[in-house]
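Asker: Pasting run26.cif here (mmCIF, C-alpha atoms, pLDDT in the B column; chains and numbers go by the auth columns):
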data_final
#
loop_
_atom_site.group_PDB
_atom_site.id
_atom_site.type_symbol
_atom_site.label_atom_id
_atom_site.label_comp_id
_atom_site.label_asym_id
_atom_site.label_seq_id
_atom_site.Cartn_x
_atom_site.Cartn_y
_atom_site.Cartn_z
_atom_site.B_iso_or_equiv
_atom_site.auth_seq_id
_atom_site.auth_asym_id
ATOM 1 C CA MET A 1 0.000 0.000 0.000 38.00 123 G
ATOM 2 C CA PRO A 2 1.235 3.548 -0.687 44.00 124 G
ATOM 3 C CA ALA A 3 2.723 5.496 2.198 43.00 125 G
ATOM 4 C CA LEU A 4 1.083 8.691 3.455 42.00 126 G
ATOM 5 C CA VAL A 5 1.447 11.167 0.585 47.00 127 G
ATOM 6 C CA MET A 6 -0.548 14.253 1.529 52.00 128 G
ATOM 7 C CA THR A 7 -1.129 15.801 4.929 60.00 129 G
ATOM 8 C CA ASP A 8 -3.012 18.887 3.665 92.00 130 G
ATOM 9 C CA LEU A 9 -5.868 16.693 2.452 97.00 131 G
ATOM 10 C CA THR A 10 -8.547 14.859 4.424 98.00 132 G
ATOM 11 C CA ILE A 11 -10.447 11.876 3.061 98.00 133 G
ATOM 12 C CA LEU A 12 -14.152 11.926 3.910 98.00 134 G
ATOM 13 C CA ILE A 13 -16.084 8.658 3.787 98.00 135 G
ATOM 14 C CA PRO A 14 -19.794 9.520 4.040 96.00 136 G
ATOM 15 C CA ALA A 15 -21.330 6.530 5.799 96.00 137 G
ATOM 16 C CA ALA A 16 -24.407 8.001 7.467 94.00 138 G
ATOM 17 C CA GLY A 17 -26.930 6.705 4.936 90.00 139 G
ATOM 18 C CA ALA A 18 -29.590 4.153 5.781 88.00 140 G
ATOM 19 C CA SER A 19 -28.993 1.599 2.963 87.00 141 G
ATOM 20 C CA SER A 20 -32.710 1.978 2.225 87.00 142 G
ATOM 21 C CA ARG A 21 -32.476 0.128 -1.111 90.00 143 G
ATOM 22 C CA MET A 22 -30.896 -2.979 0.456 94.00 144 G
ATOM 23 C CA ARG A 23 -34.199 -4.338 1.811 93.00 145 G
ATOM 24 C CA GLY A 24 -33.042 -4.853 5.381 89.00 146 G
ATOM 25 C CA GLN A 25 -29.350 -5.482 4.708 94.00 147 G
ATOM 26 C CA ASP A 26 -26.555 -2.978 5.267 95.00 148 G
ATOM 27 C CA LYS A 27 -24.551 -2.400 2.098 96.00 149 G
ATOM 28 C CA LEU A 28 -21.606 -1.006 4.069 97.00 150 G
ATOM 29 C CA LEU A 29 -21.260 -4.228 6.040 97.00 151 G
ATOM 30 C CA GLN A 30 -21.156 -6.403 2.923 97.00 152 G
ATOM 31 C CA HIS A 31 -17.819 -8.202 2.753 96.00 153 G
ATOM 32 C CA VAL A 32 -15.128 -7.442 0.208 96.00 154 G
ATOM 33 C CA ALA A 33 -11.873 -9.389 0.535 90.00 155 G
ATOM 34 C CA ASP A 34 -13.048 -10.862 3.846 93.00 156 G
ATOM 35 C CA GLU A 35 -13.890 -7.577 5.583 97.00 157 G
ATOM 36 C CA PRO A 36 -16.830 -5.158 5.603 98.00 158 G
ATOM 37 C CA ILE A 37 -16.526 -2.743 2.701 98.00 159 G
ATOM 38 C CA LEU A 38 -16.689 0.226 5.100 98.00 160 G
ATOM 39 C CA ARG A 39 -13.599 -1.057 6.899 98.00 161 G
ATOM 40 C CA ARG A 40 -11.907 -1.866 3.590 98.00 162 G
ATOM 41 C CA GLN A 41 -12.429 1.694 2.287 98.00 163 G
ATOM 42 C CA ALA A 42 -11.255 3.273 5.538 98.00 164 G
ATOM 43 C CA HIS A 43 -8.168 1.073 5.778 97.00 165 G
ATOM 44 C CA MET A 44 -7.272 1.854 2.160 97.00 166 G
ATOM 45 C CA ALA A 45 -7.754 5.584 2.659 98.00 167 G
ATOM 46 C CA LEU A 46 -5.628 5.654 5.807 97.00 168 G
ATOM 47 C CA SER A 47 -2.605 4.655 3.727 95.00 169 G
ATOM 48 C CA LEU A 48 -2.875 8.039 2.011 96.00 170 G
ATOM 49 C CA ALA A 49 -4.240 10.727 4.340 96.00 171 G
ATOM 50 C CA PRO A 50 -6.197 11.358 7.542 97.00 172 G
ATOM 51 C CA VAL A 51 -9.715 9.927 7.335 98.00 173 G
ATOM 52 C CA ILE A 52 -13.087 11.111 8.636 98.00 174 G
ATOM 53 C CA VAL A 53 -16.087 8.769 8.574 98.00 175 G
ATOM 54 C CA THR A 54 -19.561 10.184 9.135 97.00 176 G
ATOM 55 C CA LEU A 55 -22.079 7.865 10.797 97.00 177 G
ATOM 56 C CA ARG A 56 -25.633 8.017 12.020 94.00 178 G
ATOM 57 C CA ASP A 57 -26.030 8.317 15.770 89.00 179 G
ATOM 58 C CA PRO A 58 -26.202 5.665 17.074 90.00 180 G
ATOM 59 C CA ASP A 59 -24.777 3.163 14.622 94.00 181 G
ATOM 60 C CA PRO A 60 -23.052 0.438 16.662 96.00 182 G
ATOM 61 C CA GLU A 61 -22.646 -2.044 13.806 97.00 183 G
ATOM 62 C CA ARG A 62 -20.802 0.357 11.510 97.00 184 G
ATOM 63 C CA ARG A 63 -18.763 1.673 14.435 97.00 185 G
ATOM 64 C CA ALA A 64 -17.742 -1.886 15.236 98.00 186 G
ATOM 65 C CA ALA A 65 -16.626 -2.383 11.633 98.00 187 G
ATOM 66 C CA LEU A 66 -14.123 0.450 12.149 98.00 188 G
ATOM 67 C CA ASP A 67 -12.694 -0.819 15.460 98.00 189 G
ATOM 68 C CA GLY A 68 -8.949 -0.452 15.682 97.00 190 G
ATOM 69 C CA LEU A 69 -8.611 1.970 12.764 98.00 191 G
ATOM 70 C CA THR A 70 -7.312 5.477 13.419 97.00 192 G
ATOM 71 C CA VAL A 71 -10.196 7.203 11.695 98.00 193 G
ATOM 72 C CA LYS A 72 -12.093 10.136 13.130 97.00 194 G
ATOM 73 C CA ILE A 73 -15.785 9.297 13.447 97.00 195 G
ATOM 74 C CA LEU A 74 -18.282 12.140 13.249 97.00 196 G
ATOM 75 C CA ALA A 75 -21.846 11.431 14.359 95.00 197 G
ATOM 76 C CA VAL A 76 -24.392 13.121 12.081 93.00 198 G
ATOM 77 C CA PRO A 77 -27.604 13.663 14.047 88.00 199 G
ATOM 78 C CA ASP A 78 -29.476 15.006 10.998 87.00 200 G
ATOM 79 C CA ALA A 79 -28.393 12.184 8.664 88.00 201 G
ATOM 80 C CA ALA A 80 -32.039 11.464 7.784 84.00 202 G
ATOM 81 C CA LEU A 81 -32.154 14.808 5.942 81.00 203 G
ATOM 82 C CA GLY A 82 -29.884 13.469 3.207 83.00 204 G
ATOM 83 C CA MET A 83 -26.264 13.035 2.191 88.00 205 G
ATOM 84 C CA SER A 84 -25.628 16.769 2.422 91.00 206 G
ATOM 85 C CA ALA A 85 -25.587 16.333 6.210 92.00 207 G
ATOM 86 C CA SER A 86 -22.259 14.498 5.914 94.00 208 G
ATOM 87 C CA PHE A 87 -20.801 17.356 3.879 95.00 209 G
ATOM 88 C CA ARG A 88 -22.028 19.967 6.354 95.00 210 G
ATOM 89 C CA ALA A 89 -20.329 18.030 9.158 95.00 211 G
ATOM 90 C CA VAL A 90 -16.889 18.724 7.641 96.00 212 G
ATOM 91 C CA ALA A 91 -17.414 22.268 6.350 96.00 213 G
ATOM 92 C CA ASP A 92 -14.877 23.630 8.848 96.00 214 G
ATOM 93 C CA ILE A 93 -12.044 21.296 7.797 96.00 215 G
ATOM 94 C CA GLN A 94 -8.894 23.304 7.078 95.00 216 G
ATOM 95 C CA SER A 95 -7.695 21.208 4.156 97.00 217 G
ATOM 96 C CA ALA A 96 -8.677 19.930 0.758 98.00 218 G
ATOM 97 C CA VAL A 97 -11.207 17.084 1.007 98.00 219 G
ATOM 98 C CA MET A 98 -11.443 13.905 -1.019 98.00 220 G
ATOM 99 C CA VAL A 99 -14.950 12.444 -0.870 97.00 221 G
ATOM 100 C CA LEU A 100 -14.615 8.666 -1.078 98.00 222 G
ATOM 101 C CA PRO A 101 -17.916 6.758 -1.287 96.00 223 G
ATOM 102 C CA ALA A 102 -18.091 3.744 0.990 96.00 224 G
ATOM 103 C CA ASP A 103 -19.950 1.550 -1.510 96.00 225 G
ATOM 104 C CA MET A 104 -17.443 1.460 -4.411 98.00 226 G
ATOM 105 C CA PRO A 105 -15.444 -1.776 -4.099 97.00 227 G
ATOM 106 C CA ASP A 106 -13.519 -1.470 -7.385 98.00 228 G
ATOM 107 C CA LEU A 107 -11.585 1.591 -6.210 98.00 229 G
ATOM 108 C CA THR A 108 -8.003 0.840 -5.180 98.00 230 G
ATOM 109 C CA ALA A 109 -5.335 2.625 -3.196 97.00 231 G
ATOM 110 C CA ALA A 110 -3.497 3.164 -6.492 97.00 232 G
ATOM 111 C CA ASP A 111 -6.598 4.914 -7.876 98.00 233 G
ATOM 112 C CA LEU A 112 -6.739 7.238 -4.892 98.00 234 G
ATOM 113 C CA ALA A 113 -3.000 7.924 -5.068 97.00 235 G
ATOM 114 C CA SER A 114 -3.260 8.817 -8.756 97.00 236 G
ATOM 115 C CA MET A 115 -6.088 11.220 -7.944 97.00 237 G
ATOM 116 C CA ILE A 116 -3.991 12.898 -5.271 97.00 238 G
ATOM 117 C CA THR A 117 -1.015 13.222 -7.609 96.00 239 G
ATOM 118 C CA ALA A 118 -3.202 14.789 -10.299 97.00 240 G
ATOM 119 C CA PHE A 119 -4.791 17.145 -7.770 97.00 241 G
ATOM 120 C CA ARG A 120 -1.384 18.384 -6.666 95.00 242 G
ATOM 121 C CA ALA A 121 -0.769 19.625 -10.201 95.00 243 G
ATOM 122 C CA ALA A 122 -3.801 21.967 -10.005 95.00 244 G
ATOM 123 C CA PRO A 123 -4.892 22.216 -6.359 96.00 245 G
ATOM 124 C CA ASP A 124 -7.338 25.086 -6.983 96.00 246 G
ATOM 125 C CA GLN A 125 -9.643 23.000 -9.181 97.00 247 G
ATOM 126 C CA ILE A 126 -12.162 20.292 -8.343 98.00 248 G
ATOM 127 C CA LEU A 127 -10.850 16.919 -9.513 98.00 249 G
ATOM 128 C CA ARG A 128 -13.311 14.127 -10.258 98.00 250 G
ATOM 129 C CA GLY A 129 -12.650 10.480 -11.033 98.00 251 G
ATOM 130 C CA SER A 130 -14.068 9.319 -14.352 98.00 252 G
ATOM 131 C CA ALA A 131 -14.443 6.379 -16.741 97.00 253 G
ATOM 132 C CA ASN A 132 -14.690 6.917 -20.504 95.00 254 G
ATOM 133 C CA ALA A 133 -15.243 10.646 -19.876 96.00 255 G
ATOM 134 C CA THR A 134 -18.217 9.895 -17.590 98.00 256 G
ATOM 135 C CA PRO A 135 -17.877 11.712 -14.239 97.00 257 G
ATOM 136 C CA GLY A 136 -17.777 9.502 -11.157 97.00 258 G
ATOM 137 C CA HIS A 137 -15.935 9.292 -7.853 97.00 259 G
ATOM 138 C CA PRO A 138 -13.876 10.050 -5.834 98.00 260 G
ATOM 139 C CA VAL A 139 -14.016 13.851 -5.941 98.00 261 G
ATOM 140 C CA ILE A 140 -11.302 16.092 -4.483 98.00 262 G
ATOM 141 C CA TRP A 141 -12.392 19.540 -3.340 98.00 263 G
ATOM 142 C CA PRO A 142 -9.920 22.434 -3.006 97.00 264 G
ATOM 143 C CA ARG A 143 -9.670 23.848 0.467 97.00 265 G
ATOM 144 C CA ALA A 144 -11.196 27.169 -0.654 97.00 266 G
ATOM 145 C CA LEU A 145 -14.459 25.449 -1.650 97.00 267 G
ATOM 146 C CA VAL A 146 -14.922 23.288 1.462 97.00 268 G
ATOM 147 C CA PRO A 147 -16.695 26.013 3.512 96.00 269 G
ATOM 148 C CA GLY A 148 -19.400 25.940 0.836 96.00 270 G
ATOM 149 C CA PHE A 149 -20.418 22.513 2.171 96.00 271 G
ATOM 150 C CA ALA A 150 -22.199 24.365 4.986 95.00 272 G
ATOM 151 C CA GLN A 151 -24.828 25.610 2.520 92.00 273 G
ATOM 152 C CA LEU A 152 -25.726 22.206 1.082 92.00 274 G
ATOM 153 C CA HIS A 153 -29.117 20.632 1.729 88.00 275 G
ATOM 154 C CA GLY A 154 -31.066 17.505 0.831 81.00 276 G
ATOM 155 C CA ASP A 155 -29.884 14.216 -0.658 78.00 277 G
ATOM 156 C CA GLU A 156 -27.912 15.605 -3.626 77.00 278 G
ATOM 157 C CA GLY A 157 -24.622 15.621 -1.769 74.00 279 G
ATOM 158 C CA ALA A 158 -22.457 18.321 -3.309 89.00 280 G
ATOM 159 C CA ARG A 159 -24.001 18.334 -6.796 88.00 281 G
ATOM 160 C CA ALA A 160 -25.078 21.946 -6.413 87.00 282 G
ATOM 161 C CA LEU A 161 -21.469 23.008 -5.862 92.00 283 G
ATOM 162 C CA LEU A 162 -20.257 20.846 -8.737 93.00 284 G
ATOM 163 C CA ARG A 163 -22.599 22.759 -11.041 92.00 285 G
ATOM 164 C CA GLN A 164 -21.137 26.074 -9.899 93.00 286 G
ATOM 165 C CA HIS A 165 -17.426 25.415 -10.430 95.00 287 G
ATOM 166 C CA PRO A 166 -15.165 24.044 -13.166 94.00 288 G
ATOM 167 C CA VAL A 167 -14.390 20.348 -12.752 97.00 289 G
ATOM 168 C CA ARG A 168 -11.364 18.506 -14.092 98.00 290 G
ATOM 169 C CA LEU A 169 -11.899 14.819 -14.889 98.00 291 G
ATOM 170 C CA HIS A 170 -9.274 12.233 -14.010 98.00 292 G
ATOM 171 C CA PRO A 171 -9.615 8.839 -15.751 98.00 293 G
ATOM 172 C CA LEU A 172 -9.409 5.735 -13.576 98.00 294 G
ATOM 173 C CA PRO A 173 -9.103 2.147 -14.853 97.00 295 G
ATOM 174 C CA ASP A 174 -12.079 0.229 -16.235 96.00 296 G
ATOM 175 C CA ALA A 175 -15.268 1.290 -14.416 96.00 297 G
ATOM 176 C CA HIS A 176 -13.608 1.896 -11.036 98.00 298 G
ATOM 177 C CA ALA A 177 -14.982 5.442 -10.846 98.00 299 G
ATOM 178 C CA LEU A 178 -18.556 4.373 -11.576 98.00 300 G
ATOM 179 C CA THR A 179 -19.181 1.040 -9.808 97.00 301 G
ATOM 180 C CA ASP A 180 -21.305 1.703 -6.747 95.00 302 G
ATOM 181 C CA LEU A 181 -23.459 -0.988 -5.182 96.00 303 G
ATOM 182 C CA ASP A 182 -26.804 0.088 -3.723 95.00 304 G
ATOM 183 C CA THR A 183 -29.058 -2.978 -3.946 96.00 305 G
ATOM 184 C CA PRO A 184 -28.817 -6.737 -3.292 95.00 306 G
ATOM 185 C CA GLU A 185 -28.935 -7.213 -7.076 96.00 307 G
ATOM 186 C CA ASP A 186 -25.974 -4.841 -7.541 96.00 308 G
ATOM 187 C CA TRP A 187 -23.973 -6.836 -5.024 96.00 309 G
ATOM 188 C CA ALA A 188 -24.912 -10.187 -6.571 96.00 310 G
ATOM 189 C CA ALA A 189 -23.943 -8.996 -10.064 96.00 311 G
ATOM 190 C CA TRP A 190 -20.635 -7.584 -8.829 96.00 312 G
ATOM 191 C CA ARG A 191 -19.765 -10.806 -7.008 95.00 313 G
ATOM 192 C CA ALA A 192 -20.599 -12.797 -10.133 95.00 314 G
ATOM 193 C CA ARG A 193 -18.238 -10.597 -12.179 93.00 315 G
ATOM 194 C CA GLN A 194 -15.519 -11.046 -9.576 92.00 316 G
ATOM 195 C CA ALA A 195 -15.917 -14.825 -9.658 90.00 317 G
ATOM 196 C CA ALA A 196 -15.854 -14.870 -13.463 89.00 318 G
ATOM 197 C CA ASN A 197 -12.719 -12.709 -13.558 85.00 319 G
ATOM 198 C CA SER A 198 -11.047 -14.972 -11.017 79.00 320 G
ATOM 199 C CA THR A 199 -11.895 -18.053 -13.077 82.00 321 G
ATOM 200 C CA ARG A 200 -10.481 -16.496 -16.248 78.00 322 G
ATOM 201 C CA ALA A 201 -7.294 -15.457 -14.432 76.00 323 G
ATOM 202 C CA SER A 202 -6.721 -19.012 -13.161 66.00 324 G
#
Translate the structure described by the file into structure tokens.

Answerer:
Amino acid sequence: MPALVMTDLTILIPAAGASSRMRGQDKLLQHVADEPILRRQAHMALSLAPVIVTLRDPDPERRAALDGLTVKILAVPDAALGMSASFRAVADIQSAVMVLPADMPDLTAADLASMITAFRAAPDQILRGSANATPGHPVIWPRALVPGFAQLHGDEGARALLRQHPVRLHPLPDAHALTDLDTPEDWAAWRARQAANSTRAS
């Protein structure tokens, strides 16, 4: 795994959602490489920068998935109002912020490191992961734009801010920037692809 490469950047993992499309399951506790995906994302991110994870309050299962990791957990009491609540919770951070979704298992530490390297070349612009010119995630926000998180509302995350500022796209391999898993069917299809790829490789 890459060593810590940037101390003036914080990685935010918004994990305060309710997994409402999972029909009683928790998508962030689904296992990837023998650990809950929330823990996998946090562990990967910690190899690169300080990490903040936003959680509902209380959320003992997701907290337990992060046991032993040196992440900062922020409880979001108004999480039910939408994803923007997680952004508002970090609006006072004095650094650039990479927003790393917790439900994107194809992202790798190398992907995140390449994003950080590209951001360093133009740290005053929003940088967004992409695949075949289609915008995806992660997204790195310049420090000067982070206070604008305080004005966000609803379940659109930071889309309103993305519409207001120029965005530079950074291509990531395959569909890494686009693969997010929200439903049991998404997870089943992804696992089937993983099994097929493993069979072809062997």

Asker: Report as a list in words the residues that result from applying the PyMOL selection byres ((chain G and resi 204) around 10) to the structure here.

Answerer: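 So the PyMOL selection byres ((chain G and resi 204) around 10) ends up selecting Ala138, Gly139, Ala140, Asp200, Ala201, Ala202, Leu203, Met205, Ser206, Ala207, Ser208, Phe209, Leu274, His275, Gly276, Asp277, Glu278 and Gly279 of chain G.
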
Asker: Report, in Å with one decimal, the straight-line distance from CA of Ser236 (chain G) to CA of Ala224 (chain G).

Answerer: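 Calculated distance between CA of Ser236 (chain G) and CA of Ala224 (chain G) is 18.5 Å.
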
Asker: From the set G:Pro293, G:Pro172, G:Pro223, G:Pro245, which residue has the shortest atom-to-atom contact distance to Pro264 (chain G), counting only C-alpha atoms?

Answerer: G:Pro245

Asker: CA of Asp214 (chain G) to CA of Ala282 (chain G): how many Å, to one decimal?

Answerer: 18.4 Å

Asker: Kindly indicate which residue among G:Pro227, G:Pro158, G:Pro306, G:Gly258 lies nearest to Ala186 (chain G), using all atoms listed in the file for the distances.

Answerer: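 Closest residue, counting all atoms listed in the file: G:Pro158.
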
Asker: Using all atoms listed in the file, pick whichever of G:Arg250, G:Val212, G:Ala155, G:Thr132 has the shortest atom-to-atom distance to Val193 (chain G).

Answerer: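 Of G:Arg250, G:Val212, G:Ala155, G:Thr132, the one nearest Val193 (chain G), counting all atoms listed in the file, is G:Thr132.
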
Asker: From the set G:His153, G:Arg281, G:Arg210, G:Lys194, which residue has the shortest atom-to-atom contact distance to Val268 (chain G), counting all atoms listed in the file?

Answerer: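 Ranking G:His153, G:Arg281, G:Arg210, G:Lys194 by distance to Val268 (chain G), first place goes to G:Arg210.
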
Asker: Carefully work through the PyMOL selection byres ((chain G and resi 295) around 12) for this structure and note down the residues it includes, as a list in words.

Answerer: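 Answer for the PyMOL selection byres ((chain G and resi 295) around 12): Asp228, Leu229, Thr230, Ala232, Asp233, Leu234, Ser236, Met237, Gly251, Ser252, Ala253, Asn254, Ala255, Gly258, His292, Pro293, Leu294, Asp296, Ala297, His298, Ala299, Leu300 and Thr301 of chain G.
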
Asker: Could you give me, as JSON, numbers by chain, the residues that sit within 12 Å of (-32.1, 0.5, 4.6) in the file's coordinates, counting only C-alpha atoms?

Answerer: {"G": [138, 139, 140, 141, 142, 143, 144, 145, 146, 147, 148, 149, 150, 151, 202, 304, 305, 306]}

Asker: For CA of Asp225 (chain G) and CA of Asp308 (chain G), quote the distance in Å rounded to one decimal.

Answerer: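 Between CA of Asp225 (chain G) and CA of Asp308 (chain G) the gap works out to 10.7 Å.
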
Asker: Just need the box for region 214-231 of chain G, edges along x, y and z, holding every atom the file lists for it with 3 Å tacked onto each side, so centre and edge lengths in Å to one decimal, as lines of an AutoDock Vina configuration file.

Answerer:
center_x = -12.6
center_y = 10.9
center_z = 0.7
size_x = 20.6
size_y = 31.4
size_z = 22.2

Asker: Nearest residue to Thr176 (chain G) out of G:Arg161, G:Ile135, G:Gly190, G:Asp130, using all atoms listed in the file?

Answerer: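 Checking each of G:Arg161, G:Ile135, G:Gly190, G:Asp130 against Thr176 (chain G), counting all atoms listed in the file, the winner is G:Ile135.
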
Asker: What do you get, as a VMD selection string, if you spell out every residue that the PyMOL selection byres ((chain G and resi 197) around 8) selects here?

Answerer: chain G and resid 176 to 180 195 to 196 198 to 199

Asker: Write a file of the just-selected residues containing C-alpha atoms, as an mmCIF file, in the coordinates of the input.

Answerer:
data_model
loop_
_atom_site.group_PDB
_atom_site.id
_atom_site.type_symbol
_atom_site.label_atom_id
_atom_site.label_comp_id
_atom_site.auth_asym_id
_atom_site.auth_seq_id
_atom_site.Cartn_x
_atom_site.Cartn_y
_atom_site.Cartn_z
ATOM 1 C CA THR G 176 -19.561 10.184 9.135
ATOM 2 C CA LEU G 177 -22.079 7.865 10.797
ATOM 3 C CA ARG G 178 -25.633 8.017 12.020
ATOM 4 C CA ASP G 179 -26.030 8.317 15.770
ATOM 5 C CA PRO G 180 -26.202 5.665 17.074
ATOM 6 C CA ILE G 195 -15.785 9.297 13.447
ATOM 7 C CA LEU G 196 -18.282 12.140 13.249
ATOM 8 C CA VAL G 198 -24.392 13.121 12.081
ATOM 9 C CA PRO G 199 -27.604 13.663 14.047
#

Asker: In terms of the shortest atom-to-atom distance over all atoms listed in the file, which of G:Ala318, G:Ala310, G:Ala280, G:Ala323 is closest to Ala213 (chain G)?

Answerer: G:Ala280

Asker: Write out as a list of chain:residue names which residues come within 10 Å of Ala218 (chain G) when counting all atoms listed in the file, dropping same-chain ones fewer than 5 positions away.

Answerer: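 Contacts, with the query itself left out: G:Met128, G:Thr129, G:Asp130, G:Leu131, G:Thr132, G:Ile133, G:Phe241, G:Pro245, G:Asp246, G:Ile248, G:Ile262, G:Trp263, G:Pro264, G:Arg265, G:Ala266, G:Leu267, G:Val268.
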